[in-house]
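Pasting run-v9.cif here (mmCIF, C-alpha atoms):
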```
data_data
loop_
_atom_site.group_PDB
_atom_site.id
_atom_site.type_symbol
_atom_site.label_atom_id
_atom_site.label_comp_id
_atom_site.auth_asym_id
_atom_site.auth_seq_id
_atom_site.Cartn_x
_atom_site.Cartn_y
_atom_site.Cartn_z
ATOM 1 C CA MET V 1 20.010 -8.027 -12.276
ATOM 2 C CA ARG V 2 19.640 -5.210 -9.776
ATOM 3 C CA LYS V 3 17.360 -5.734 -6.784
ATOM 4 C CA GLU V 4 15.480 -2.491 -7.570
ATOM 5 C CA THR V 5 14.596 -3.828 -11.029
ATOM 6 C CA THR V 6 13.381 -7.096 -9.512
ATOM 7 C CA ILE V 7 11.167 -5.200 -7.074
ATOM 8 C CA LYS V 8 9.637 -3.084 -9.864
ATOM 9 C CA ILE V 9 8.951 -6.145 -11.989
ATOM 10 C CA GLY V 10 7.594 -8.058 -8.989
ATOM 11 C CA LYS V 11 5.303 -5.186 -8.075
ATOM 12 C CA ILE V 12 4.034 -4.921 -11.649
ATOM 13 C CA ILE V 13 3.380 -8.667 -11.816
ATOM 14 C CA LEU V 14 1.589 -8.732 -8.436
ATOM 15 C CA LYS V 15 -0.550 -5.732 -9.438
ATOM 16 C CA THR V 16 -1.358 -7.302 -12.800
ATOM 17 C CA ILE V 17 -2.473 -10.538 -11.141
ATOM 18 C CA ALA V 18 -4.456 -8.647 -8.481
ATOM 19 C CA VAL V 19 -6.349 -6.611 -11.082
ATOM 20 C CA ALA V 20 -7.172 -9.633 -13.192
ATOM 21 C CA GLY V 21 -7.886 -12.001 -10.318
ATOM 22 C CA VAL V 22 -6.645 -15.270 -11.761
ATOM 23 C CA LEU V 23 -4.482 -14.819 -14.802
ATOM 24 C CA SER V 24 -3.320 -17.132 -17.544
ATOM 25 C CA MET V 25 0.469 -17.341 -17.946
ATOM 26 C CA ALA V 26 -0.018 -16.724 -21.659
ATOM 27 C CA VAL V 27 -1.660 -13.406 -20.790
ATOM 28 C CA LEU V 28 0.680 -12.437 -17.928
ATOM 29 C CA ALA V 29 3.991 -12.335 -19.736
ATOM 30 C CA PRO V 30 2.960 -10.022 -22.606
ATOM 31 C CA ASN V 31 1.146 -7.635 -20.232
ATOM 32 C CA ALA V 32 4.095 -7.503 -17.852
ATOM 33 C CA LEU V 33 6.413 -6.860 -20.784
ATOM 34 C CA GLN V 34 4.198 -4.018 -21.999
ATOM 35 C CA SER V 35 4.221 -2.468 -18.533
ATOM 36 C CA LEU V 36 8.014 -2.516 -18.484
ATOM 37 C CA LYS V 37 8.525 -0.531 -21.689
ATOM 38 C CA MET V 38 9.063 2.634 -19.678
ATOM 39 C CA PHE V 39 12.085 1.156 -17.847
ATOM 40 C CA TYR V 40 14.147 -0.054 -20.801
ATOM 41 C CA GLY V 41 15.100 0.866 -24.339
ATOM 42 C CA GLU V 42 13.746 -1.210 -27.225
ATOM 43 C CA LYS V 43 16.863 -3.398 -27.775
ATOM 44 C CA GLU V 44 17.567 -3.922 -24.076
ATOM 45 C CA ARG V 45 13.915 -4.778 -23.446
ATOM 46 C CA LYS V 46 13.870 -7.477 -26.119
ATOM 47 C CA TYR V 47 16.808 -9.332 -24.607
ATOM 48 C CA ARG V 48 16.563 -8.711 -20.879
ATOM 49 C CA VAL V 49 12.995 -8.041 -19.847
ATOM 50 C CA GLY V 50 11.689 -11.474 -20.790
ATOM 51 C CA LEU V 51 14.453 -13.033 -18.686
ATOM 52 C CA TYR V 52 13.730 -10.653 -15.774
ATOM 53 C CA VAL V 53 10.019 -11.461 -15.889
ATOM 54 C CA LYS V 54 10.657 -15.224 -15.900
ATOM 55 C CA LYS V 55 13.138 -14.962 -12.996
ATOM 56 C CA THR V 56 10.815 -12.708 -11.039
ATOM 57 C CA ILE V 57 7.832 -15.024 -11.535
ATOM 58 C CA THR V 58 9.983 -17.908 -10.303
ATOM 59 C CA LYS V 59 11.057 -15.891 -7.233
ATOM 60 C CA LEU V 60 7.476 -14.798 -6.496
ATOM 61 C CA ASN V 61 6.438 -18.446 -6.621
ATOM 62 C CA GLU V 62 9.356 -19.565 -4.415
ATOM 63 C CA LYS V 63 8.478 -16.892 -1.836
ATOM 64 C CA GLY V 64 4.872 -18.100 -1.817
ATOM 65 C CA PHE V 65 3.401 -14.879 -3.277
ATOM 66 C CA ILE V 66 1.851 -16.574 -6.314
ATOM 67 C CA GLU V 67 0.701 -20.066 -7.175
ATOM 68 C CA PHE V 68 0.152 -21.884 -10.439
ATOM 69 C CA GLN V 69 -2.923 -23.917 -11.307
ATOM 70 C CA LYS V 70 -3.405 -26.008 -14.416
ATOM 71 C CA ARG V 71 -6.890 -26.024 -15.975
ATOM 72 C CA ASN V 72 -7.859 -27.207 -19.442
ATOM 73 C CA ASN V 73 -4.227 -27.467 -20.551
ATOM 74 C CA GLN V 74 -3.543 -23.853 -19.530
ATOM 75 C CA ILE V 75 -1.507 -22.610 -16.600
ATOM 76 C CA PHE V 76 -3.109 -19.915 -14.462
ATOM 77 C CA VAL V 77 -1.459 -17.732 -11.839
ATOM 78 C CA ASN V 78 -3.127 -16.257 -8.795
ATOM 79 C CA LEU V 79 -2.050 -14.401 -5.677
ATOM 80 C CA THR V 80 -1.739 -16.301 -2.441
ATOM 81 C CA LYS V 81 -2.653 -14.775 0.902
ATOM 82 C CA LYS V 82 1.033 -13.957 1.368
ATOM 83 C CA GLY V 83 1.100 -12.362 -2.096
ATOM 84 C CA LYS V 84 -1.891 -10.169 -1.252
ATOM 85 C CA GLU V 85 -0.099 -9.018 1.903
ATOM 86 C CA GLU V 86 3.031 -8.204 -0.121
ATOM 87 C CA LEU V 87 0.922 -6.201 -2.574
ATOM 88 C CA LEU V 88 -0.634 -4.333 0.377
ATOM 89 C CA LYS V 89 2.884 -3.521 1.571
ATOM 90 C CA TYR V 90 3.713 -2.014 -1.852
ATOM 91 C CA GLN V 91 0.462 -0.037 -1.837
ATOM 92 C CA LEU V 92 1.130 1.237 1.678
ATOM 93 C CA LYS V 93 4.577 2.496 0.622
ATOM 94 C CA GLU V 94 2.931 4.400 -2.232
ATOM 95 C CA ALA V 95 0.008 5.709 -0.134
ATOM 96 C CA ALA V 96 -0.391 9.444 0.150
ATOM 97 C CA ILE V 97 -3.130 11.757 1.309
ATOM 98 C CA LYS V 98 -4.146 14.220 -1.374
ATOM 99 C CA LYS V 99 -4.357 17.842 -0.364
ATOM 100 C CA PRO V 100 -7.378 19.517 -1.968
ATOM 101 C CA ARG V 101 -7.251 23.146 -3.037
ATOM 102 C CA ASN V 102 -9.596 24.201 -0.224
ATOM 103 C CA TRP V 103 -9.963 22.643 3.197
ATOM 104 C CA ASP V 104 -13.552 21.585 4.004
ATOM 105 C CA GLU V 105 -12.999 22.545 7.679
ATOM 106 C CA LYS V 106 -13.537 18.988 8.864
ATOM 107 C CA TRP V 107 -11.029 16.933 10.795
ATOM 108 C CA ARG V 108 -10.338 13.276 10.114
ATOM 109 C CA VAL V 109 -9.752 11.547 13.422
ATOM 110 C CA ILE V 110 -8.332 8.062 13.829
ATOM 111 C CA ILE V 111 -8.779 6.357 17.171
ATOM 112 C CA PHE V 112 -7.600 2.911 18.072
ATOM 113 C CA ASP V 113 -7.559 0.462 20.933
ATOM 114 C CA ILE V 114 -4.989 -2.232 20.214
ATOM 115 C CA LYS V 115 -4.240 -4.731 22.968
ATOM 116 C CA GLU V 116 -0.839 -4.940 24.634
ATOM 117 C CA GLN V 117 -0.244 -8.360 23.018
ATOM 118 C CA ARG V 118 -0.092 -6.514 19.671
ATOM 119 C CA LYS V 119 2.200 -3.724 20.870
ATOM 120 C CA ASN V 120 4.433 -3.988 17.764
ATOM 121 C CA THR V 121 1.428 -3.583 15.495
ATOM 122 C CA ARG V 122 0.273 -0.571 17.523
ATOM 123 C CA ASP V 123 3.731 1.031 17.303
ATOM 124 C CA ASN V 124 3.947 0.323 13.560
ATOM 125 C CA LEU V 125 0.516 1.887 13.033
ATOM 126 C CA ARG V 126 1.622 5.023 14.890
ATOM 127 C CA ARG V 127 4.760 5.185 12.759
ATOM 128 C CA GLU V 128 2.718 4.900 9.555
ATOM 129 C CA LEU V 129 0.286 7.593 10.714
ATOM 130 C CA MET V 130 3.235 9.921 11.387
ATOM 131 C CA ASN V 131 4.700 9.137 7.953
ATOM 132 C CA LEU V 132 1.348 9.990 6.360
ATOM 133 C CA GLY V 133 1.299 13.390 8.064
ATOM 134 C CA PHE V 134 -1.140 12.772 10.912
ATOM 135 C CA LEU V 135 -0.660 14.658 14.170
ATOM 136 C CA LYS V 136 -1.034 13.010 17.549
ATOM 137 C CA LEU V 137 -3.754 14.353 19.855
ATOM 138 C CA GLN V 138 -3.208 11.494 22.314
ATOM 139 C CA ASN V 139 -1.320 8.198 22.028
ATOM 140 C CA SER V 140 -4.254 6.482 20.359
ATOM 141 C CA VAL V 141 -5.934 9.529 18.793
ATOM 142 C CA TRP V 142 -4.530 11.002 15.568
ATOM 143 C CA VAL V 143 -5.847 13.754 13.324
ATOM 144 C CA HIS V 144 -5.540 14.943 9.722
ATOM 145 C CA PRO V 145 -7.420 17.744 7.944
ATOM 146 C CA TYR V 146 -8.002 16.000 4.604
ATOM 147 C CA ASP V 147 -10.050 13.004 3.494
ATOM 148 C CA CYS V 148 -7.978 9.883 4.029
ATOM 149 C CA GLU V 149 -10.543 7.119 4.422
ATOM 150 C CA GLU V 150 -9.003 4.982 1.662
ATOM 151 C CA VAL V 151 -5.569 5.180 3.263
ATOM 152 C CA VAL V 152 -7.033 4.226 6.650
ATOM 153 C CA ILE V 153 -8.798 1.229 5.065
ATOM 154 C CA LEU V 154 -5.450 0.207 3.577
ATOM 155 C CA LEU V 155 -3.769 0.524 7.007
ATOM 156 C CA LYS V 156 -6.520 -1.481 8.692
ATOM 157 C CA SER V 157 -6.219 -4.193 6.080
ATOM 158 C CA TYR V 158 -2.418 -4.318 6.173
ATOM 159 C CA PHE V 159 -2.226 -4.502 9.971
ATOM 160 C CA HIS V 160 -5.327 -6.758 10.280
ATOM 161 C CA LEU V 161 -7.021 -4.330 12.662
ATOM 162 C CA GLY V 162 -10.678 -4.178 11.620
ATOM 163 C CA LYS V 163 -12.771 -2.874 14.510
ATOM 164 C CA ASP V 164 -9.710 -1.876 16.562
ATOM 165 C CA VAL V 165 -9.360 1.302 14.487
ATOM 166 C CA LEU V 166 -12.118 3.856 13.928
ATOM 167 C CA TYR V 167 -12.161 6.626 11.321
ATOM 168 C CA MET V 168 -14.252 9.695 12.067
ATOM 169 C CA THR V 169 -15.006 12.923 10.255
ATOM 170 C CA VAL V 170 -15.371 15.645 12.879
ATOM 171 C CA GLY V 171 -16.644 19.201 12.442
ATOM 172 C CA GLU V 172 -14.888 20.674 15.440
ATOM 173 C CA ILE V 173 -12.030 19.929 17.813
ATOM 174 C CA GLU V 174 -11.693 22.012 20.952
ATOM 175 C CA ASN V 175 -8.706 24.397 20.897
ATOM 176 C CA ASP V 176 -7.701 23.414 17.358
ATOM 177 C CA LYS V 177 -5.669 26.562 16.623
ATOM 178 C CA TRP V 178 -2.405 24.677 17.105
ATOM 179 C CA LEU V 179 -3.613 21.991 14.687
ATOM 180 C CA ARG V 180 -4.553 24.574 12.074
ATOM 181 C CA LYS V 181 -1.127 26.165 12.483
ATOM 182 C CA GLU V 182 0.718 22.822 12.219
ATOM 183 C CA PHE V 183 -1.160 21.932 9.015
ATOM 184 C CA GLY V 184 -0.760 25.436 7.564
ATOM 185 C CA LEU V 185 -4.498 26.139 7.579
ATOM 186 C CA VAL V 186 -4.423 29.590 9.246
#
```
Target encoding structure tokens, full file:
Amino acid sequence: MRKETTIKIGKIILKTIAVAGVLSMAVLAPNALQSLKMFYGEKERKYRVGLYVKKTITKLNEKGFIEFQKRNNQIFVNLTKKGKEELLKYQLKEAAIKKPRNWDEKWRVIIFDIKEQRKNTRDNLRRELMNLGFLKLQNSVWVHPYDCEEVVILLKSYFHLGKDVLYMTVGEIENDKWLRKEFGLV
């Protein structure tokens, strides 16, 4: 089994559990199999996907991403704290800021004050902001022209930052011509 396939199945299973909250194993397997139809042909799916799902569930459990609970002679699966963090990691990789047809002429400014003890977290946050298309005004001040509040909430949650990061919608930034040019808004 290829690692890429395992990751796709794992992501689908984690998302399925997250959406449902706590999920019965009897419900999980058929739903995961349905979600995987797009990756395999009918014959291949019948023979391999069930095996992939079982192996992936076992690996997710071994890694501490999911846990099993038995209630009323049924086995239920739920995400652990570690599993929720792994799901956040998947969501962060897929995060993108949508560009609307017309700019509303408001800037989205992210400011943060992260202590030196969490320097790695601060550097990782900066890297993610760059990857998402933000521009740096100052080391701890980043700007984007489009609504990105949901992505910022995801970043705050993933990096456990809470009040250390502030999201602002600003009507004007002094000398913003270079920003407009960089974002292609002129």
Using the chain letters and residue numbers of this document, give as a PyMOL selection string the residues selected by the PyMOL selection byres ((chain V and resi 18) around 12).
chain V and resi 11-17+19-23+28+65-66+77-81+83-88+91
Nearest to Gly171 of chain V, chosen from V:Lys63, V:Arg122, V:Lys89, V:Lys106, with all atoms listed in the file counted in the distances
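Nearest candidate to Gly171 of chain V out of V:Lys63, V:Arg122, V:Lys89, V:Lys106: V:Lys106.
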List the spatial neighbours of Glu172 of chain V as a PyMOL selection string - criterion: any atom at most 9 Å away, only C-alpha atoms, same-chain residues fewer than 2 positions off excluded.
chain V and resi 105-107+170+174+176
Given the choices V:Trp103, V:Phe159, V:Phe134, V:Tyr146, which gets closest to Lys119 of chain V if the distance is worked out from all atoms listed in the file?
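Distance minimum relative to Lys119 of chain V lands on V:Phe159.
One finds atom CA of Phe112 of chain V at 9.1 Å from atom CA of Leu161 of chain V.
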Starting from the PyMOL selection byres ((chain V and resi 55-58) around 8), expand the selection into actual residues of this file and give them as a list in words.
Thr6, Ile9, Gly10, Ile13, Leu51, Tyr52, Val53, Lys54, Lys59, Leu60, Asn61 and Glu62 of chain V
Could you save the residues just selected, with C-alpha atoms, as a PDB file, keeping the file's coordinate frame?
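As a result, part_26.pdb now contains:
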```pdb
ATOM      1  CA  THR V   6      13.381  -7.096  -9.512  1.00  0.00           C
ATOM      2  CA  ILE V   9       8.951  -6.145 -11.989  1.00  0.00           C
ATOM      3  CA  GLY V  10       7.594  -8.058  -8.989  1.00  0.00           C
ATOM      4  CA  ILE V  13       3.380  -8.667 -11.816  1.00  0.00           C
ATOM      5  CA  LEU V  51      14.453 -13.033 -18.686  1.00  0.00           C
ATOM      6  CA  TYR V  52      13.730 -10.653 -15.774  1.00  0.00           C
ATOM      7  CA  VAL V  53      10.019 -11.461 -15.889  1.00  0.00           C
ATOM      8  CA  LYS V  54      10.657 -15.224 -15.900  1.00  0.00           C
ATOM      9  CA  LYS V  59      11.057 -15.891  -7.233  1.00  0.00           C
ATOM     10  CA  LEU V  60       7.476 -14.798  -6.496  1.00  0.00           C
ATOM     11  CA  ASN V  61       6.438 -18.446  -6.621  1.00  0.00           C
ATOM     12  CA  GLU V  62       9.356 -19.565  -4.415  1.00  0.00           C
TER      13      GLU V  62
END
```
Report the distance between atom CA of Ile111 of chain V and atom CA of Met168 of chain V in Å, rounded to one decimal place.
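Atom CA of Met168 of chain V lies at a distance of 8.2 Å from atom CA of Ile111 of chain V.
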Near Lys98 of chain V, counting all atoms listed in the file, which residues have an atom at most 8 Å away, once you skip same-chain residues fewer than 2 positions from it, shown as a PyMOL selection string?
chain V and resi 96+100+146-148
Write a file of the just-selected residues containing C-alpha atoms, as a compact mmCIF listing (two decimals), in the frame of the given file.
```txt
# COMPACT_ATOMS: atom_id res chain seq x y z
CA ALA V 96 -0.39 9.44 0.15
CA PRO V 100 -7.38 19.52 -1.97
CA TYR V 146 -8.00 16.00 4.60
CA ASP V 147 -10.05 13.00 3.49
CA CYS V 148 -7.98 9.88 4.03
```
Got a sec: who's within 12 Å of Gly162 of chain V, counting only C-alpha atoms, leaving out chain neighbours fewer than 4 positions off, as a ChimeraX atom specification?
/V:112-114,152-158,166-167
Would you list the contacts of Val141 of chain V as a PyMOL selection string, taking every protein, DNA or RNA residue within 9 Å and counting only C-alpha atoms, but skipping same-chain residues closer than 4 positions in sequence?
chain V and resi 109-112+135-137
In Å, how far is it from atom CA of Asp104 of chain V to atom CA of Lys163 of chain V?
26.6 Å
Nearest to Arg180 of chain V by atom-to-atom distance, counting all atoms listed in the file, from V:Val165, V:Leu92, V:Val143, V:Leu132:
V:Val143
When you write segment 102-113 of chain V out from the block above, keep all heavy atoms and present the result as a CSV table (one decimal), in the first residue's frame, please.
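Saved result, part.csv, follows:
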```
chain,number,residue,atom,x,y,z
V,102,ASN,N,-14.2,41.3,-6.8
V,102,ASN,CA,-13.9,42.7,-6.5
V,102,ASN,C,-13.3,42.9,-5.1
V,102,ASN,O,-13.9,42.3,-4.2
V,102,ASN,CB,-15.1,43.6,-6.7
V,102,ASN,CG,-15.6,43.6,-8.1
V,102,ASN,OD1,-14.9,43.7,-9.1
V,102,ASN,ND2,-16.9,43.5,-8.3
V,103,TRP,N,-12.3,43.6,-5.0
V,103,TRP,CA,-11.7,43.9,-3.7
V,103,TRP,C,-12.6,44.9,-3.0
V,103,TRP,O,-13.0,45.9,-3.5
V,103,TRP,CB,-10.3,44.4,-3.9
V,103,TRP,CG,-9.6,44.8,-2.6
V,103,TRP,CD1,-9.5,44.0,-1.5
V,103,TRP,CD2,-8.8,45.9,-2.3
V,103,TRP,NE1,-8.8,44.6,-0.5
V,103,TRP,CE2,-8.3,45.8,-1.0
V,103,TRP,CE3,-8.4,47.0,-3.0
V,103,TRP,CZ2,-7.5,46.7,-0.4
V,103,TRP,CZ3,-7.6,48.0,-2.4
V,103,TRP,CH2,-7.1,47.8,-1.1
V,104,ASP,N,-12.8,44.7,-1.7
V,104,ASP,CA,-13.7,45.6,-0.9
V,104,ASP,C,-12.9,46.8,-0.3
V,104,ASP,O,-13.4,47.6,0.5
V,104,ASP,CB,-14.4,44.9,0.2
V,104,ASP,CG,-13.4,44.2,1.3
V,104,ASP,OD1,-12.2,44.4,1.1
V,104,ASP,OD2,-13.9,43.6,2.2
V,105,GLU,N,-11.6,46.9,-0.7
V,105,GLU,CA,-10.7,48.0,-0.3
V,105,GLU,C,-10.5,48.1,1.2
V,105,GLU,O,-10.2,49.1,1.8
V,105,GLU,CB,-11.2,49.4,-0.9
V,105,GLU,CG,-11.2,49.4,-2.4
V,105,GLU,CD,-11.4,50.8,-3.0
V,105,GLU,OE1,-11.0,51.7,-2.3
V,105,GLU,OE2,-11.8,50.8,-4.1
V,106,LYS,N,-10.5,46.9,1.8
V,106,LYS,CA,-10.2,46.8,3.2
V,106,LYS,C,-9.0,45.8,3.3
V,106,LYS,O,-8.9,44.8,2.6
V,106,LYS,CB,-11.4,46.3,4.0
V,106,LYS,CG,-12.5,47.2,4.1
V,106,LYS,CD,-13.6,46.7,4.9
V,106,LYS,CE,-14.8,47.7,4.8
V,106,LYS,NZ,-16.0,47.2,5.5
V,107,TRP,N,-8.1,46.1,4.2
V,107,TRP,CA,-6.9,45.3,4.5
V,107,TRP,C,-7.2,44.4,5.7
V,107,TRP,O,-7.9,44.8,6.7
V,107,TRP,CB,-5.7,46.1,4.8
V,107,TRP,CG,-5.3,46.9,3.6
V,107,TRP,CD1,-5.4,48.3,3.4
V,107,TRP,CD2,-4.6,46.5,2.4
V,107,TRP,NE1,-4.9,48.7,2.2
V,107,TRP,CE2,-4.4,47.6,1.6
V,107,TRP,CE3,-4.2,45.2,2.0
V,107,TRP,CZ2,-3.8,47.5,0.3
V,107,TRP,CZ3,-3.6,45.1,0.8
V,107,TRP,CH2,-3.4,46.2,-0.1
V,108,ARG,N,-6.7,43.2,5.6
V,108,ARG,CA,-6.8,42.2,6.8
V,108,ARG,C,-5.4,42.2,7.3
V,108,ARG,O,-4.4,41.8,6.7
V,108,ARG,CB,-7.2,40.8,6.3
V,108,ARG,CG,-8.7,40.7,6.1
V,108,ARG,CD,-9.3,41.7,5.2
V,108,ARG,NE,-10.7,41.6,5.0
V,108,ARG,CZ,-11.4,42.1,4.0
V,108,ARG,NH1,-10.7,42.8,3.1
V,108,ARG,NH2,-12.7,42.0,3.9
V,109,VAL,N,-5.3,42.6,8.6
V,109,VAL,CA,-4.0,42.8,9.2
V,109,VAL,C,-3.9,41.8,10.4
V,109,VAL,O,-4.9,41.7,11.2
V,109,VAL,CB,-3.8,44.2,9.8
V,109,VAL,CG1,-2.5,44.3,10.5
V,109,VAL,CG2,-3.9,45.2,8.6
V,110,ILE,N,-2.8,41.0,10.4
V,110,ILE,CA,-2.6,40.1,11.5
V,110,ILE,C,-1.4,40.6,12.3
V,110,ILE,O,-0.4,40.9,11.7
V,110,ILE,CB,-2.2,38.7,10.9
V,110,ILE,CG1,-3.2,38.2,9.9
V,110,ILE,CG2,-2.0,37.7,12.1
V,110,ILE,CD1,-4.6,38.1,10.4
V,111,ILE,N,-1.6,40.8,13.6
V,111,ILE,CA,-0.5,41.2,14.5
V,111,ILE,C,-0.4,40.1,15.5
V,111,ILE,O,-1.3,39.5,16.0
V,111,ILE,CB,-0.7,42.6,15.1
V,111,ILE,CG1,-2.0,42.6,16.0
V,111,ILE,CG2,-0.8,43.6,14.0
V,111,ILE,CD1,-2.1,43.9,16.7
V,112,PHE,N,0.9,39.9,15.9
V,112,PHE,CA,1.1,38.9,17.0
V,112,PHE,C,2.2,39.3,17.9
V,112,PHE,O,3.1,40.0,17.5
V,112,PHE,CB,1.3,37.5,16.4
V,112,PHE,CG,2.3,37.4,15.4
V,112,PHE,CD1,3.6,37.1,15.7
V,112,PHE,CD2,2.0,37.5,14.0
V,112,PHE,CE1,4.6,36.9,14.7
V,112,PHE,CE2,2.9,37.3,13.0
V,112,PHE,CZ,4.3,37.0,13.4
V,113,ASP,N,2.2,38.8,19.1
V,113,ASP,CA,3.2,39.0,20.1
V,113,ASP,C,3.4,37.6,20.8
V,113,ASP,O,2.7,37.3,21.7
V,113,ASP,CB,2.7,40.1,21.1
V,113,ASP,CG,3.8,40.4,22.1
V,113,ASP,OD1,5.0,40.1,21.8
V,113,ASP,OD2,3.5,41.0,23.1
```
